[in-house]
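Engineer: Below is the file my_file31.txt, which contains compact mmCIF, C-alpha atoms.
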# COMPACT_ATOMS: atom_id res chain seq x y z
CA MET B 1 0.00 0.00 0.00
CA LYS B 2 1.35 3.42 -0.86
CA LYS B 3 2.51 5.73 1.92
CA GLN B 4 -0.28 8.20 1.04
CA ASN B 5 -2.91 5.50 1.38
CA LEU B 6 -1.46 4.39 4.70
CA LEU B 7 -1.66 7.95 5.93
CA THR B 8 -5.24 8.16 4.74
CA LEU B 9 -6.06 4.94 6.55
CA ALA B 10 -4.49 6.22 9.75
CA ILE B 11 -6.40 9.51 9.59
CA ALA B 12 -9.62 7.69 8.84
CA THR B 13 -9.11 5.38 11.78
CA VAL B 14 -8.64 8.35 14.10
CA ILE B 15 -11.76 10.01 12.69
CA VAL B 16 -13.72 6.81 13.15
CA THR B 17 -12.61 6.50 16.75
CA VAL B 18 -13.32 10.12 17.59
CA THR B 19 -16.70 10.25 15.87
CA ALA B 20 -17.82 6.93 17.26
CA SER B 21 -17.11 7.77 20.89
CA PRO B 22 -19.82 10.39 21.49
CA MET B 23 -22.45 8.02 20.10
CA MET B 24 -21.73 5.37 22.69
CA ALA B 25 -25.03 5.03 24.47
CA TYR B 26 -28.12 2.97 24.62
CA THR B 27 -31.28 4.19 22.96
CA LEU B 28 -34.87 3.85 23.99
CA LEU B 29 -37.73 2.97 21.76
CA SER B 30 -39.34 6.12 20.50
CA PRO B 31 -41.71 7.28 21.78
CA ARG B 32 -40.37 6.22 25.16
CA ARG B 33 -42.54 3.49 26.55
CA THR B 34 -42.57 0.83 29.23
CA TRP B 35 -44.73 -1.93 30.55
CA ALA B 36 -47.25 -0.84 33.16
CA THR B 37 -45.93 -3.27 35.75
CA VAL B 38 -42.77 -5.19 36.44
CA PRO B 39 -41.67 -7.89 36.37
CA VAL B 40 -42.54 -8.19 32.72
CA THR B 41 -43.99 -11.59 31.94
CA VAL B 42 -42.33 -13.27 28.98
CA GLN B 43 -43.29 -16.76 27.94
CA VAL B 44 -41.37 -19.10 25.68
CA ASN B 45 -43.47 -21.35 23.51
CA ASN B 46 -42.44 -24.91 24.33
CA ALA B 47 -42.26 -26.07 20.73
CA GLY B 48 -38.69 -24.81 20.72
CA ASN B 49 -36.45 -24.65 17.68
CA SER B 50 -35.55 -27.95 16.11
CA SER B 51 -32.04 -26.82 15.17
CA VAL B 52 -31.08 -26.42 18.83
CA ASN B 53 -29.58 -29.70 19.90
CA ASP B 54 -30.47 -29.76 23.58
CA SER B 55 -33.17 -31.59 25.51
CA ASP B 56 -36.02 -29.19 24.72
CA HIS B 57 -34.76 -27.37 21.63
CA GLY B 58 -33.67 -24.26 23.41
CA VAL B 59 -36.74 -23.55 25.52
CA THR B 60 -35.15 -23.93 28.95
CA ALA B 61 -32.02 -22.13 27.78
CA VAL B 62 -34.02 -19.12 26.62
CA VAL B 63 -36.24 -19.08 29.70
CA GLY B 64 -33.08 -18.81 31.78
CA ALA B 65 -31.16 -16.44 29.53
CA ILE B 66 -33.73 -13.68 29.39
CA ARG B 67 -33.84 -13.44 33.16
CA ALA B 68 -30.53 -11.63 32.86
CA TRP B 69 -32.57 -8.43 32.60
CA GLY B 70 -33.66 -8.82 36.22
CA ILE B 71 -37.17 -7.55 35.57
CA VAL B 72 -38.41 -10.45 33.50
CA ASN B 73 -40.57 -13.23 34.84
CA SER B 74 -40.06 -16.01 32.32
CA SER B 75 -41.51 -19.45 31.84
CA SER B 76 -42.36 -21.93 29.13
CA THR B 77 -45.86 -22.20 27.76
CA GLY B 78 -47.94 -24.24 25.42
CA SER B 79 -49.64 -21.11 24.20
CA VAL B 80 -48.68 -19.35 21.02
CA ALA B 81 -48.17 -15.64 20.55
CA VAL B 82 -51.34 -13.62 20.17
CA ARG B 83 -50.50 -10.31 18.63
CA GLY B 84 -51.88 -7.36 20.48
CA THR B 85 -52.44 -9.36 23.63
CA ALA B 86 -50.06 -9.82 26.55
CA PRO B 87 -48.09 -11.69 27.72
CA ALA B 88 -45.05 -11.27 25.56
CA THR B 89 -44.38 -14.59 23.88
CA ILE B 90 -41.27 -15.93 22.22
CA MET B 91 -41.85 -18.23 19.29
CA LEU B 92 -38.72 -20.19 18.43
CA ASN B 93 -40.33 -22.25 15.71
CA THR B 94 -41.97 -19.72 13.43
CA ASN B 95 -41.06 -16.56 11.59
CA GLY B 96 -44.55 -15.14 12.08
CA HIS B 97 -44.53 -14.40 8.35
CA ILE B 98 -42.42 -11.34 9.08
CA CYS B 99 -38.92 -12.60 9.91
CA THR B 100 -37.77 -14.09 6.64
CA GLY B 101 -34.71 -13.76 4.44
CA SER B 102 -31.78 -12.26 6.33
CA CYS B 103 -33.82 -11.74 9.51
CA LEU B 104 -32.72 -13.94 12.42
CA ALA B 105 -35.30 -12.84 14.96
CA ALA B 106 -37.83 -10.05 15.14
CA THR B 107 -39.71 -8.32 17.92
CA LEU B 108 -43.14 -6.99 17.09
CA THR B 109 -44.37 -4.54 19.69
CA GLY B 110 -47.71 -2.87 20.10
CA TYR B 111 -48.83 0.24 21.94
CA TYR B 112 -51.58 2.79 21.97
CA THR B 113 -50.87 6.48 21.96
CA GLY B 114 -49.09 7.00 25.21
CA SER B 115 -46.23 5.40 26.98
CA THR B 116 -47.36 1.88 27.83
CA ILE B 117 -46.38 -1.25 25.93
CA THR B 118 -49.37 -3.53 25.65
CA ASP B 119 -47.79 -6.48 23.89
CA ALA B 120 -44.59 -7.70 22.31
CA ASP B 121 -43.94 -10.98 20.58
CA ILE B 122 -40.76 -12.44 19.18
CA TYR B 123 -40.41 -14.57 16.08
CA THR B 124 -37.50 -16.64 14.83
CA ASN B 125 -36.39 -17.39 11.31
CA THR B 126 -36.20 -21.16 11.15
CA LYS B 127 -34.05 -21.27 8.05
CA TYR B 128 -30.96 -20.61 10.22
CA ASN B 129 -29.34 -22.96 12.70
CA TYR B 130 -29.05 -22.03 16.37
CA THR B 131 -27.15 -23.25 19.38
CA SER B 132 -27.85 -22.81 23.09
CA SER B 133 -26.05 -22.66 26.42
CA ARG B 134 -27.31 -26.19 27.06
CA GLU B 135 -25.84 -27.66 23.91
CA THR B 136 -22.72 -29.75 24.31
CA ASP B 137 -21.71 -30.29 20.72
CA GLY B 138 -19.91 -27.03 20.11
CA CYS B 139 -20.76 -24.34 17.61
CA SER B 140 -20.25 -24.26 13.89
CA GLY B 141 -22.01 -21.58 11.89
CA GLU B 142 -24.85 -21.45 14.40
CA TYR B 143 -26.37 -18.42 16.09
CA ASP B 144 -26.65 -18.24 19.85
CA ILE B 145 -30.32 -18.49 20.76
CA ASP B 146 -29.63 -17.35 24.36
CA GLY B 147 -27.98 -14.15 23.23
CA ILE B 148 -30.38 -13.43 20.39
CA MET B 149 -33.39 -13.72 22.65
CA THR B 150 -31.76 -11.69 25.42
CA HIS B 151 -31.29 -8.94 22.85
CA GLU B 152 -34.87 -9.22 21.61
CA VAL B 153 -36.25 -9.10 25.14
CA GLY B 154 -34.34 -5.86 25.50
CA HIS B 155 -36.66 -4.55 22.79
CA VAL B 156 -39.62 -6.08 24.59
CA ILE B 157 -38.91 -4.01 27.71
CA GLY B 158 -38.47 -0.82 25.68
CA LEU B 159 -34.87 -0.56 24.60
CA GLY B 160 -33.60 0.33 21.16
CA HIS B 161 -30.08 -0.29 19.98
CA SER B 162 -26.79 0.64 21.55
CA SER B 163 -23.68 1.74 19.73
CA VAL B 164 -21.46 0.22 22.40
CA ALA B 165 -19.66 -2.70 20.83
CA GLY B 166 -20.07 -5.71 23.07
CA ALA B 167 -23.34 -4.54 24.58
CA THR B 168 -26.21 -6.97 24.27
CA MET B 169 -28.25 -4.28 22.54
CA TYR B 170 -25.55 -3.69 19.93
CA PRO B 171 -27.36 -4.16 16.63
CA SER B 172 -25.21 -6.66 14.80
CA VAL B 173 -24.68 -10.31 15.48
CA SER B 174 -22.49 -13.04 14.06
CA SER B 175 -22.51 -16.80 14.32
CA CYS B 176 -20.90 -18.48 17.33
CA ASN B 177 -20.77 -15.18 19.20
CA PHE B 178 -21.94 -15.56 22.78
CA ASN B 179 -21.39 -12.02 24.05
CA ASN B 180 -25.07 -11.15 24.12
CA ARG B 181 -25.80 -13.59 26.91
CA SER B 182 -24.34 -11.24 29.50
CA LEU B 183 -25.53 -7.67 29.96
CA GLU B 184 -23.00 -4.87 29.88
CA ALA B 185 -23.12 -1.65 31.87
CA ASP B 186 -24.70 0.18 28.95
CA ASP B 187 -27.54 -2.36 28.73
CA LEU B 188 -28.20 -2.05 32.45
CA ALA B 189 -28.12 1.73 32.25
CA GLY B 190 -30.80 1.56 29.59
CA LYS B 191 -32.96 -0.72 31.66
CA ASN B 192 -32.51 1.45 34.74
CA ASP B 193 -33.48 4.50 32.71
CA LEU B 194 -36.81 2.85 31.95
CA TYR B 195 -37.63 1.05 35.20
CA MET E 1 -7.13 13.18 -2.42
CA HIS E 2 -7.18 10.14 -4.66
CA ARG E 3 -10.71 8.91 -5.31
CA ARG E 4 -9.98 5.41 -4.04
CA SER E 5 -8.77 6.91 -0.79
CA LEU E 6 -11.97 8.88 -0.49
CA ILE E 7 -13.98 5.71 -0.89
CA LEU E 8 -11.85 4.07 1.78
CA VAL E 9 -12.53 6.91 4.19
CA THR E 10 -16.22 6.77 3.35
CA LEU E 11 -16.42 3.07 4.06
CA LEU E 12 -14.62 3.41 7.36
CA LEU E 13 -16.88 6.24 8.42
CA ALA E 14 -19.86 4.13 7.49
CA LEU E 15 -18.57 1.43 9.80
CA ALA E 16 -18.62 3.92 12.67
CA VAL E 17 -22.38 4.24 12.37
CA PRO E 18 -24.17 1.38 14.10
CA LEU E 19 -25.91 -1.01 11.79
CA SER E 20 -29.54 -0.57 12.53
CA ALA E 21 -30.44 -4.05 11.53
CA SER E 22 -31.06 -5.91 14.75
CA GLN E 23 -30.63 -9.63 14.56
CA PHE E 24 -30.21 -9.67 10.85
CA VAL E 25 -27.55 -11.47 8.90
CA GLN E 26 -25.63 -8.90 6.91
CA GLN E 27 -25.54 -9.99 3.30
CA PRO E 28 -23.02 -8.98 0.65
CA PHE E 29 -24.22 -6.10 -1.52
CA ASP E 30 -23.93 -8.25 -4.62
CA GLN E 31 -26.22 -10.87 -3.13
CA VAL E 32 -28.89 -8.34 -2.26
CA ALA E 33 -28.61 -6.81 -5.75
CA ARG E 34 -28.78 -10.18 -7.47
CA GLU E 35 -31.71 -11.51 -5.49
CA ALA E 36 -33.92 -8.43 -5.76
CA GLY E 37 -36.64 -8.61 -8.37
CA TYR E 38 -36.55 -4.87 -8.93
CA VAL E 39 -34.11 -2.13 -8.09
CA VAL E 40 -35.90 1.19 -8.40
CA ARG E 41 -35.27 4.86 -7.84
CA GLY E 42 -38.58 6.39 -6.91
CA HIS E 43 -40.71 8.80 -4.92
CA VAL E 44 -43.03 7.68 -2.13
CA VAL E 45 -46.19 9.54 -3.02
CA ASP E 46 -48.55 8.01 -0.50
CA THR E 47 -48.71 5.64 2.45
CA PHE E 48 -51.48 4.10 4.46
CA SER E 49 -51.64 1.42 7.14
CA ALA E 50 -54.17 -1.34 7.64
CA TRP E 51 -54.67 -4.56 9.54
CA ASP E 52 -54.36 -7.79 7.59
CA SER E 53 -57.51 -9.82 7.05
CA ALA E 54 -56.92 -11.81 10.24
CA HIS E 55 -56.50 -8.59 12.28
CA ASP E 56 -53.11 -9.92 13.23
CA VAL E 57 -50.53 -7.63 11.69
CA ILE E 58 -50.60 -3.98 10.70
CA TYR E 59 -48.96 -3.37 7.36
CA THR E 60 -48.02 -0.07 5.79
CA TYR E 61 -48.61 0.20 2.06
CA ALA E 62 -46.45 2.70 0.21
CA THR E 63 -47.19 3.84 -3.30
CA VAL E 64 -43.90 4.41 -5.05
CA ARG E 65 -43.79 6.34 -8.31
CA VAL E 66 -40.89 4.78 -10.14
CA GLN E 67 -38.60 7.24 -11.84
CA ARG E 68 -36.07 4.70 -12.95
CA TYR E 69 -35.48 0.97 -12.99
CA ILE E 70 -31.87 0.07 -12.23
CA GLY E 71 -30.07 -3.10 -13.20
CA GLU E 72 -31.63 -3.96 -16.54
CA THR E 73 -35.09 -4.47 -15.14
CA THR E 74 -38.27 -2.71 -16.09
CA GLY E 75 -41.78 -2.66 -14.73
CA PRO E 76 -44.82 -0.53 -14.04
CA ASP E 77 -44.67 3.20 -13.41
CA THR E 78 -46.07 2.73 -9.92
CA LEU E 79 -45.40 0.01 -7.38
CA VAL E 80 -47.04 -0.69 -4.04
CA VAL E 81 -44.62 -1.78 -1.35
CA ARG E 82 -45.97 -3.48 1.76
CA GLU E 83 -43.98 -3.43 4.99
CA VAL E 84 -44.75 -4.73 8.47
CA GLY E 85 -45.68 -2.06 11.00
CA GLY E 86 -47.87 0.98 11.15
CA THR E 87 -50.60 2.74 13.08
CA VAL E 88 -54.33 2.11 12.82
CA ASP E 89 -56.91 3.83 15.02
CA GLY E 90 -54.29 4.90 17.52
CA TYR E 91 -52.69 1.49 17.87
CA THR E 92 -49.14 1.12 16.61
CA GLN E 93 -47.32 -2.06 15.72
CA GLU E 94 -43.61 -1.89 15.13
CA ALA E 95 -41.14 -4.53 14.08
CA ILE E 96 -38.13 -3.16 15.89
CA GLY E 97 -35.25 -2.40 13.57
CA PHE E 98 -37.20 -3.02 10.37
CA PRO E 99 -37.15 -0.38 7.63
CA MET E 100 -39.83 2.29 7.44
CA ILE E 101 -41.27 3.95 4.36
CA ARG E 102 -42.52 7.48 4.75
CA GLN E 103 -44.56 9.64 2.45
CA GLY E 104 -42.49 12.11 0.46
CA GLU E 105 -39.25 10.20 0.58
CA GLN E 106 -36.97 10.01 -2.41
CA VAL E 107 -35.64 6.48 -2.32
CA VAL E 108 -33.78 3.70 -4.00
CA LEU E 109 -35.28 0.35 -3.11
CA PHE E 110 -34.36 -3.27 -3.68
CA LEU E 111 -37.67 -5.06 -3.95
CA SER E 112 -38.80 -8.65 -3.90
CA GLN E 113 -42.13 -10.33 -3.50
CA TRP E 114 -43.43 -11.60 -0.20
CA ASP E 115 -43.30 -15.36 0.19
CA ASP E 116 -47.05 -15.58 0.51
CA SER E 117 -48.28 -13.00 -1.96
CA ALA E 118 -47.46 -10.99 -5.04
CA ASP E 119 -46.99 -7.82 -3.01
CA TYR E 120 -43.54 -6.26 -2.94
CA ARG E 121 -41.40 -5.68 0.12
CA ILE E 122 -37.98 -4.21 0.67
CA HIS E 123 -35.47 -6.93 -0.09
CA GLY E 124 -32.76 -7.40 2.53
CA PHE E 125 -34.56 -5.20 5.04
CA ASN E 126 -32.42 -2.14 5.80
CA GLN E 127 -29.83 -3.19 3.27
CA GLY E 128 -32.49 -2.72 0.63
CA LYS E 129 -33.36 0.90 1.25
CA TYR E 130 -31.46 4.09 0.54
CA LEU E 131 -32.54 7.68 0.84
CA VAL E 132 -31.66 9.90 -2.10
CA ARG E 133 -30.12 13.25 -1.31
CA ASN E 134 -28.84 15.96 -3.59
CA ARG E 135 -25.33 17.22 -3.06
CA ASP E 136 -24.16 19.94 -5.41
CA GLY E 137 -26.48 18.71 -8.12
CA VAL E 138 -25.41 15.09 -7.76
CA GLU E 139 -27.72 12.42 -6.36
CA ILE E 140 -26.23 10.71 -3.32
CA LEU E 141 -27.54 7.54 -1.69
CA VAL E 142 -27.43 7.34 2.09
CA GLU E 143 -28.55 4.83 4.68
CA ASP E 144 -31.86 5.65 6.33
CA PRO E 145 -30.98 6.25 10.01
CA VAL E 146 -34.57 5.92 11.16
CA LYS E 147 -35.84 2.40 11.58
CA GLN E 148 -38.92 1.13 13.31
CA GLY E 149 -38.81 1.73 17.03
CA ASP E 150 -35.27 2.80 17.54
CA ALA E 151 -32.60 5.26 16.54
CA ARG E 152 -34.94 8.20 16.65
CA MET E 153 -34.10 9.34 20.13
CA SER E 154 -30.85 9.00 21.96
CA ARG E 155 -30.37 9.24 25.69
CA ASP E 156 -29.97 13.00 25.59
CA GLY E 157 -33.28 13.35 23.82
CA ARG E 158 -31.91 14.36 20.45
CA PHE E 159 -33.48 13.01 17.30
CA ALA E 160 -31.30 11.44 14.68
CA ILE E 161 -33.47 11.99 11.67
CA GLU E 162 -31.33 13.48 8.99
CA PRO E 163 -28.70 11.15 7.55
CA ASN E 164 -25.21 12.33 6.83
CA SER E 165 -25.12 12.89 3.11
CA ASP E 166 -21.39 13.55 3.23
CA THR E 167 -20.75 9.84 3.42
CA GLY E 168 -23.14 8.66 0.75
CA LEU E 169 -22.67 6.76 -2.45
CA ARG E 170 -23.02 8.56 -5.76
CA MET E 171 -25.94 7.36 -7.86
CA ASP E 172 -23.79 6.55 -10.88
CA GLU E 173 -21.48 4.48 -8.70
CA PHE E 174 -24.44 2.67 -7.21
CA VAL E 175 -25.93 1.94 -10.62
CA ALA E 176 -22.62 0.52 -11.84
CA MET E 177 -22.37 -1.66 -8.73
CA VAL E 178 -25.87 -3.01 -9.30
CA ASP E 179 -25.18 -3.64 -12.97
CA ASP E 180 -21.99 -5.52 -12.14
CA ALA E 181 -23.66 -7.54 -9.40
CA ARG E 182 -26.57 -8.56 -11.55
CA ALA E 183 -24.27 -9.37 -14.46
CA GLY E 184 -22.15 -11.55 -12.20
CA VAL E 185 -19.07 -9.39 -12.63
CA THR E 186 -16.72 -9.85 -9.69
CA GLY E 187 -13.30 -8.90 -8.37
CA THR E 188 -10.79 -7.59 -10.87
CA ASN E 189 -13.28 -7.87 -13.69
CA ARG E 190 -15.35 -5.06 -12.25
CA ARG E 191 -15.34 -1.97 -14.38
CA GLN E 192 -12.86 0.70 -13.48
CA ARG E 193 -14.67 3.64 -11.91
CA ASP E 194 -11.80 5.82 -10.78
Let's see the structure in the file written out as structure tokens.

Structural biologist:
Amino acid sequence: MKKQNLLTLAIATVIVTVTASPMMAYTLLSPRRTWATVPVTVQVNNAGNSSVNDSDHGVTAVVGAIRAWGIVNSSSTGSVAVRGTAPATIMLNTNGHICTGSCLAATLTGYYTGSTITDADIYTNTKYNYTSSRETDGCSGEYDIDGIMTHEVGHVIGLGHSSVAGATMYPSVSSCNFNNRSLEADDLAGKNDLY
Amino acid sequence: MHRRSLILVTLLLALAVPLSASQFVQQPFDQVAREAGYVVRGHVVDTFSAWDSAHDVIYTYATVRVQRYIGETTGPDTLVVREVGGTVDGYTQEAIGFPMIRQGEQVVLFLSQWDDSADYRIHGFNQGKYLVRNRDGVEILVEDPVKQGDARMSRDGRFAIEPNSDTGLRMDEFVAMVDDARAGVTGTNRRQRD
């Protein structure tokens, strides 16, 4: 690479670092809104996701993972998501006809004019393969269902995305990346802002 | 500064902006361009939202007046694009992180048909939508910073509505990239644009 290009790269890197720093913060859904009461009840449909190779296809793993938020009362359920009606329900086995193509998981929230979330449901694209914290066969090209659902439940409780790399609410995800399972300070600051 | 260096700076700056696609798999540009049924430059002349027939999902329908088909495709003068999310009778449904289409926008869209109908949707979610801005008489394509639910308000209460058109892609560059992608031109065989 020519010296001029190297200089350009160095300057660009500095600019990137400087410009990125002030943006480091969580965001809230807009308009700002929360559930009327906490803990927020989130149920995981017990059909699970067939690509998760543990005893119940990821259900127990997700029920446990999303409790990381500290304000979530989670359990498994035989019920399916009913849009517009609480409780929030995680469907691991269906895309809900909305999460297709390059979508891994999607949160669909509902609210009336005001600041109260009335429902939120999560759908999963079953064309991808997922792994869980209860799998024992390693990870190869799979996406971490614990981390993905912890991120989505962040949306359920009212958080948008964070620009802090490593935060659970950071908006990008890659296969075999397990960082989203644990909440970072920025994630907790966002939650504490809301509740 | 050499043009290639400018592009390099632009790409790095783009990386500094958080991808607004939550829980999406980022696809190569060429893949998005190849898979899209239409690539259009258009004007969103109207939008309305409605429940689906099962009263299950609110969709927003956007009427897009097509000004140009890109990538050796052609089609009708007007297309209706249907996206998840919208407000009906005071109730709002949002698919967090999904793209929005707003009345009055000048856009470039990658479009494909829904799996279950002949309606069009934005292909590749946020990777399939660009806002068109004018910079010194040249059309520039920029990422839409406003997705469903997030990125509109930061912690300090500021709204991040207007994208930074200083880091956009020139329309002629974009068109050449789409043409190359759809023609299967890769690597060193790509046309020289410097």

Engineer: Would you mind telling me which residue in B:Leu28, B:Leu108, B:Leu159, B:Val59 lies nearest to Asn45 of chain B when using all atoms listed in the file?

Structural biologist: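 With all atoms listed in the file as the atom set, the closest residue is B:Val59.
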
Engineer: Residues of chain B were defined as contacting chain E if any atom lay at most 7 Å from it, counting all atoms listed in the file; please report them as number ranges by chain.

Structural biologist: B: 5, 8, 12, 16, 20, 25-30, 83, 101-113, 148, 160-161, 163, 171-173

Engineer: What is the distance between atom CA of Thr116 of chain B and atom CA of Thr34 of chain B, in Å to one decimal?

Structural biologist: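 Calculated distance between atom CA of Thr116 of chain B and atom CA of Thr34 of chain B is 5.1 Å.
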
Engineer: So that I can check the surroundings of Gly58 of chain B, please list as number ranges by chain every protein, DNA and RNA residue that reaches within 9 Å of it, counting all atoms listed in the file and ignoring chain neighbours fewer than 3 positions away.

Structural biologist: B: 46, 48-55, 61-63, 92, 130-135, 145-146

Engineer: Please, could you write that set of residues out with C-alpha atoms as a JSON list (two decimals), keeping the file's coordinate frame?

Structural biologist:
[["chain", "number", "residue", "atom", "x", "y", "z"],
["B", 46, "ASN", "CA", -42.44, -24.91, 24.33],
["B", 48, "GLY", "CA", -38.69, -24.81, 20.72],
["B", 49, "ASN", "CA", -36.45, -24.65, 17.68],
["B", 50, "SER", "CA", -35.55, -27.95, 16.11],
["B", 51, "SER", "CA", -32.04, -26.82, 15.17],
["B", 52, "VAL", "CA", -31.08, -26.42, 18.83],
["B", 53, "ASN", "CA", -29.58, -29.70, 19.90],
["B", 54, "ASP", "CA", -30.47, -29.76, 23.58],
["B", 55, "SER", "CA", -33.17, -31.59, 25.51],
["B", 61, "ALA", "CA", -32.02, -22.13, 27.78],
["B", 62, "VAL", "CA", -34.02, -19.12, 26.62],
["B", 63, "VAL", "CA", -36.24, -19.08, 29.70],
["B", 92, "LEU", "CA", -38.72, -20.19, 18.43],
["B", 130, "TYR", "CA", -29.05, -22.03, 16.37],
["B", 131, "THR", "CA", -27.15, -23.25, 19.38],
["B", 132, "SER", "CA", -27.85, -22.81, 23.09],
["B", 133, "SER", "CA", -26.05, -22.66, 26.42],
["B", 134, "ARG", "CA", -27.31, -26.19, 27.06],
["B", 135, "GLU", "CA", -25.84, -27.66, 23.91],
["B", 145, "ILE", "CA", -30.32, -18.49, 20.76],
["B", 146, "ASP", "CA", -29.63, -17.35, 24.36]]

Engineer: May I ask for the distance between atom CA of Tyr130 of chain E and atom CA of Asn95 of chain B, given in Å to one decimal place?

Structural biologist: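 Going from atom CA of Tyr130 of chain E over to atom CA of Asn95 of chain B, I get 25.3 Å.
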
Engineer: Between atom CA of Asn177 of chain B and atom CA of Gly190 of chain B, what is the distance in Å, rounded to a tenth?

Structural biologist: 22.1 Å

Engineer: Using all atoms listed in the file, which residues sit within 10 Å of Thr78 of chain E once same-chain residues fewer than 4 positions away are excluded, as a list in words?

Structural biologist: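 Close residues of Thr78 of chain E: Gly42, His43, Val44, Val45, Thr63, Val64, Arg65, Val66 and Gln67 of chain E.
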
Engineer: For each of E:Arg121, E:Lys147, E:Arg182, E:Lys129, take the minimum atom-to-atom distance to Glu72 of chain E, counting only C-alpha atoms, then give the residue where this is smallest.

Structural biologist: E:Arg182

Engineer: Taking all atoms listed in the file into account, which of E:Ala33, E:Ile101, E:Leu111, E:Ala62 comes nearest Ala183 of chain E?

Structural biologist: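 Once distances to Ala183 of chain E are computed over all atoms listed in the file, the minimum belongs to E:Ala33.
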